[in-house]
Amino acid sequence: MTSHEIRRAFLNYFEQRDHQIVRSSSLVPKNDPTLLFTNAGMVQFKGVFLAEEIRSYRRAATSQKCVRAGGKHNDLEIVGKTARHHTFFEMLGNFSFGDYFKKEAIEMGWDLLTHQWGLPAEKMWITIYLDDDEAFHLWRRVGIPGDRIVRLGEKDNFWAMGETGPCGPCSEIVIDQGEGVGCGRPGCQVGCDCDRFLELWNLVFMQFNRDSAGGLQPLAKPCIDTGMGLERISAILQGVKSNYETDLFRPIFEEIQTISHIPYGQDLQSDISLRVIADHSRAATFLISDGVLPSNEGRGYVLRRIMRRAMRHGKMLGMEGPFLYRTSSKVVEMMKDAYPELRETEAFVSKVIQNEEERFSETLDSGLKILREELEQLQQQGGRVLSGEVAFRLYDTYGFPLDLTAEILQEKGMNFDEAGFKAQMDEQKNKSKQAWQGIGEGRTREIYRQLANEGLKTVFLGYGETQSESKILQLIKGDERVPFADQGEEIEIVTERTPFYGEAGGQVGDRGVIFHEEFSIDVENTIKPIEELIIHQGKVKRGKVRKGMEAVLRVEEERRRAIALNHTGTHLLQAILREVLGDHVHQAGSLVSPDRLRFDFTHFAAMEKEELERVEALVNQKIRENLKVETKIMAVEDALQTGAMALFGEKYGEKVRVVMVSDFSMELCGGTHTSRTGDIGLFKIVSESGVAAGVRRIEALTGEGAYRFIKEEERELLEIASFLKSTPGELSSKIERLLERQKELEKEISSFQDRLSHQELSTLLPLVKEIKGVKVLSAKVDGKEIKRMREFVDQLKGKIGSGIILLGGQSQNKVSMVMGVTPDLTHRFRANEMIKKIALHIGGTGGGRPDFAQAGGTDYKKLDEALQAIDDLI
């Protein structure tokens with residue numbers, strides 16, 4: 001079976017057994033600030049296991065993309081050196097949320113592996129938790145002999161989500177690959193770290209809740225969470241001894257061979273490099289596709305390390321110039337059927353990787369230069385050990401693998417301080433952990449999770465209505481539910497139905513009023529903390545509101561209309577940007593409010609003035625065409641297959657809303673829109689800027705806001721024209737003439753100042769005196785800028801040939817001093833040291849070079865004293 005057939009067969013098997021097939025979630029976890037990357041299949045169901053979220057199904061199966069790049073068993077430097085370690089992998093899993101439990105999980109797991117896929121039952125071993133007798137008897141019932149069921153302790157066979165919360169024993173299905181695989185020791189057995197007894201599938205029986213005291217309480221509805229690595233099971237079913245020999249990697253090796261002319265499987269060292277490049281190509285492709293960009297902190301830092309390690313191994317194979325973008329394209333070609341989002345992001349991923357490869361080439365050269373300089377200095381001092389700080393800087397900043405630094409040092413008979421390097425590495429890990437803890441969205445408030453868990457839902461009517469009637473289901477004050485609220489109190493309201501849009505997808509929440517003859521509430525914001533739960537946040541302006549009352553909900557229509565114009569304008573902008581700049585453009589964030597729109601997008605350079613003008617013109621053209629805006633509810637897979645644009649890393653349900661602007665734009669979007677593009681009226685870009693590496697931002701206005709902006713610019717233009725006694729059409733030539741005249745006048749002033757300076761210099765030269773055989777000129781020159789004083793010092797040094805110059809003066813309420821020492825005297829008198837002492841007299845400090853220094857202070861009255869102080873210093 002091919003890996004694609006294995007993945008499909010796994011999902012089909014569980015679909016036939018009433019499991020909902022759920023698409024893989026993003027590698028960037030949503031609502032989980034504790035995780036750097038999605039690292040297991042259960043991550044997207046964490047809210048379900050914690051009873052914070054309710055799904056429409058109780059059985060699920062997934063093929064989840066995962067990344068592990070840190071920690072005890074997945075250190076980056078190990079990847080490529082073993083048959084099983086990866087940064088990116090796919091986790092096949094089946095899940096039960098209070099439905100079936102141990103019996104069914106064990107029976108289905110055994111049936112799939114041995115009966116459906118034909119793995120030999122006599123080679124299968126099972127591990128269970130020490131006292132899990134129930135699992136022991138269930139495995140015996142499916143036919144496993146008792147002597148092939150191994151009991152292991154908490155470290156190996158008990159799983160917990162955290163220090164408290166859901167947990168339980170687990171059971172692993174293991175295959176014996178035979179004596180020819182692994183360590184070869186006579187005592188090799190299940191639990192050995194070698195590959196002979198290979199763990200295939202982990203079944204977690206989530207049956208307890210661990211309280212804060214460490215006690216285990218049975219869960220009312222036990223759950224199942226299983227995980228099986230696609231790479232491992234593919235290796236077994238394809239009859240190979242290493243994951244890297246499967247069809248998940250072979251095409252990538254072939255692509256690398258095309259570039260490097262080095263085949264896989266002929267040399268141990270080159271094989272390591274080939275495995276590193278193949279593995280890291282997969283990780284980089286999927287991470288960038290999910291919106292992670294190379295940077296120096298958090299997730300971006302891990303991605304940059306992964307990419308640069310692959311690039312370095314490419315250089316070790318003799319590959320000059322960018323190559324990783326080509327291996328990434330091969331990954332997309334292989335995986336796009338299983339993960340359709342790769343089709344959409346292919347051009348963008350390629351661009352990001354090429355950009356990073358070009359940057360790495362520059363930093364690698366810089367790193368080698370630094371290493372050479374450090375080694376030269378070390379050799380001059382007679383040292384043989386490079387500091388850990390330098391070795392780490394090369395590794396961290398310049399992407400040098402440690403073995404490269406060690407190799408270069410070894411060639412010169414030297415080594416490095418390993419303990420110092422480790423200390424720097426530990427410090428960086430702590431910083432990195434602090435940087436990413438809290439990245440992304442925080443956890444949903446407990447009160448909202450409770451409401452959702454009780455099945456409380458709000459039906460959204462706002463696509464077609466801005467006013468409706470509904471029953472008030474809950475009133476919330478702070479974190480407590482309350483039965484009523486009085487005039488003046490701030491309150492949160494949950495209703496059965498609402499026309500109010502809850503903030504989501506970049507669109508701000510609606511404002512308006514909720515009222516009844518007995519009360520009135522001004523709604524200041526509307527949020528959607530959990531899917532299908534809409535919270536109105538407001539203040540009681542009149543009367544008393546009670547839970548259970550009927551009410552009228554009315555959205556502020558003008559504000560909603562302005563938001564709709566900006567939202568549809570955002571869709572037009574994205575489509576035009578892709579047309580003008582290329583398919584690498586993807587949304588990286590947005591804000592849609594009534595007064596403006598802000599659109600962040602992936603692009604690698606500031607937009608040219610002509611590009612911005614073209615984008616603005618084309619958006620306005622689409623507005624004038626008055627295109628129809630339609631929406632359709634579709635299965636998410638169908639929507640992606642038809643080319644609908646999705647937001648990086650966004651978590652979508654099985655059904656999605658697709659917004660189509662004629663045949664010009666199609667996006668997954670839950671926001672409110674205008675019915676035709678002509679409603680927008682006018683679109684005006686007001687700024688374009690950079691917000692992060694590879695991410696640009698456009699801010700724009702539509703409709704009335706755009707009209708007001710243009711009128712304000714027109715008013716300002718007329719005002720400037722009036723000042724200049726001109727007309728707007730003649731302003732450019734008028735200002736150009738003014739600027740030319742200004743340059744002429746500046747030249748005249750500069751020439752005059754030069755003549756004046758020459759005269760002043762001639763008055764200063766007679767003040768030169770001699771102290772202990774050294775010529776010294778110390779004088780006050782008020783009204784001079786620091787630049788002019790520096791020029792004076794340089795000219796005076798030239799005039800006296802050998803000596804020391806000290807000038808001081810006041811300009812614009814600042815006291816400044818400048819000192820110059822001719823080159824023949826700097827071994828005796830250092831300007832940078834002397835001026836620090838002299839500056840103390842004027843209440844300041846200074847610094848510079850031995851031949852030239854300057855200082856600043858605040859006490860002008862002491863300037864004469866400071867100028868005289870040089871005599872005593874000399």
# chains A, B, ... in the order shown; residues from 1 in each chain; ligands from 1

call {"tool": "select_by_dssp", "arguments": {"residues": "region 83-268 of chain A", "states": "strand (DSSP E or B)", "output": "VMD selection string"}}
result
chain A and resid 88 to 97 124 to 129 149 to 152 158 to 160 165 to 176 197 to 210 216 to 229

call {"tool": "residues_around", "arguments": {"residues": "Leu647 (chain A)", "least_positions_apart": "4", "cutoff": "9 Å", "atoms": "only C-alpha atoms", "output": "list in words"}}
result
Asp290, Gly291, Gly505, His586, Gln587, Ala588, Gly589, Lys651, Glu667, Leu668 and Cys669 of chain A

call {"tool": "atom_distance", "arguments": {"atom1": "CA of Trp139 (chain A)", "atom2": "CA of Arg8 (chain A)"}}
result
26.3 Å

call {"tool": "select_by_dssp", "arguments": {"residues": "region 535-710 of chain A", "states": "alpha helix (DSSP H)", "output": "PyMOL selection string"}}
result
chain A and resi 557-581+609-624+636-641+703-710

call {"tool": "closest_residue", "arguments": {"among": "A:Phe286, A:Tyr501, A:Tyr301, A:Trp125", "to": "Glu346 (chain A)", "atoms": "only C-alpha atoms"}}
result
A:Phe286
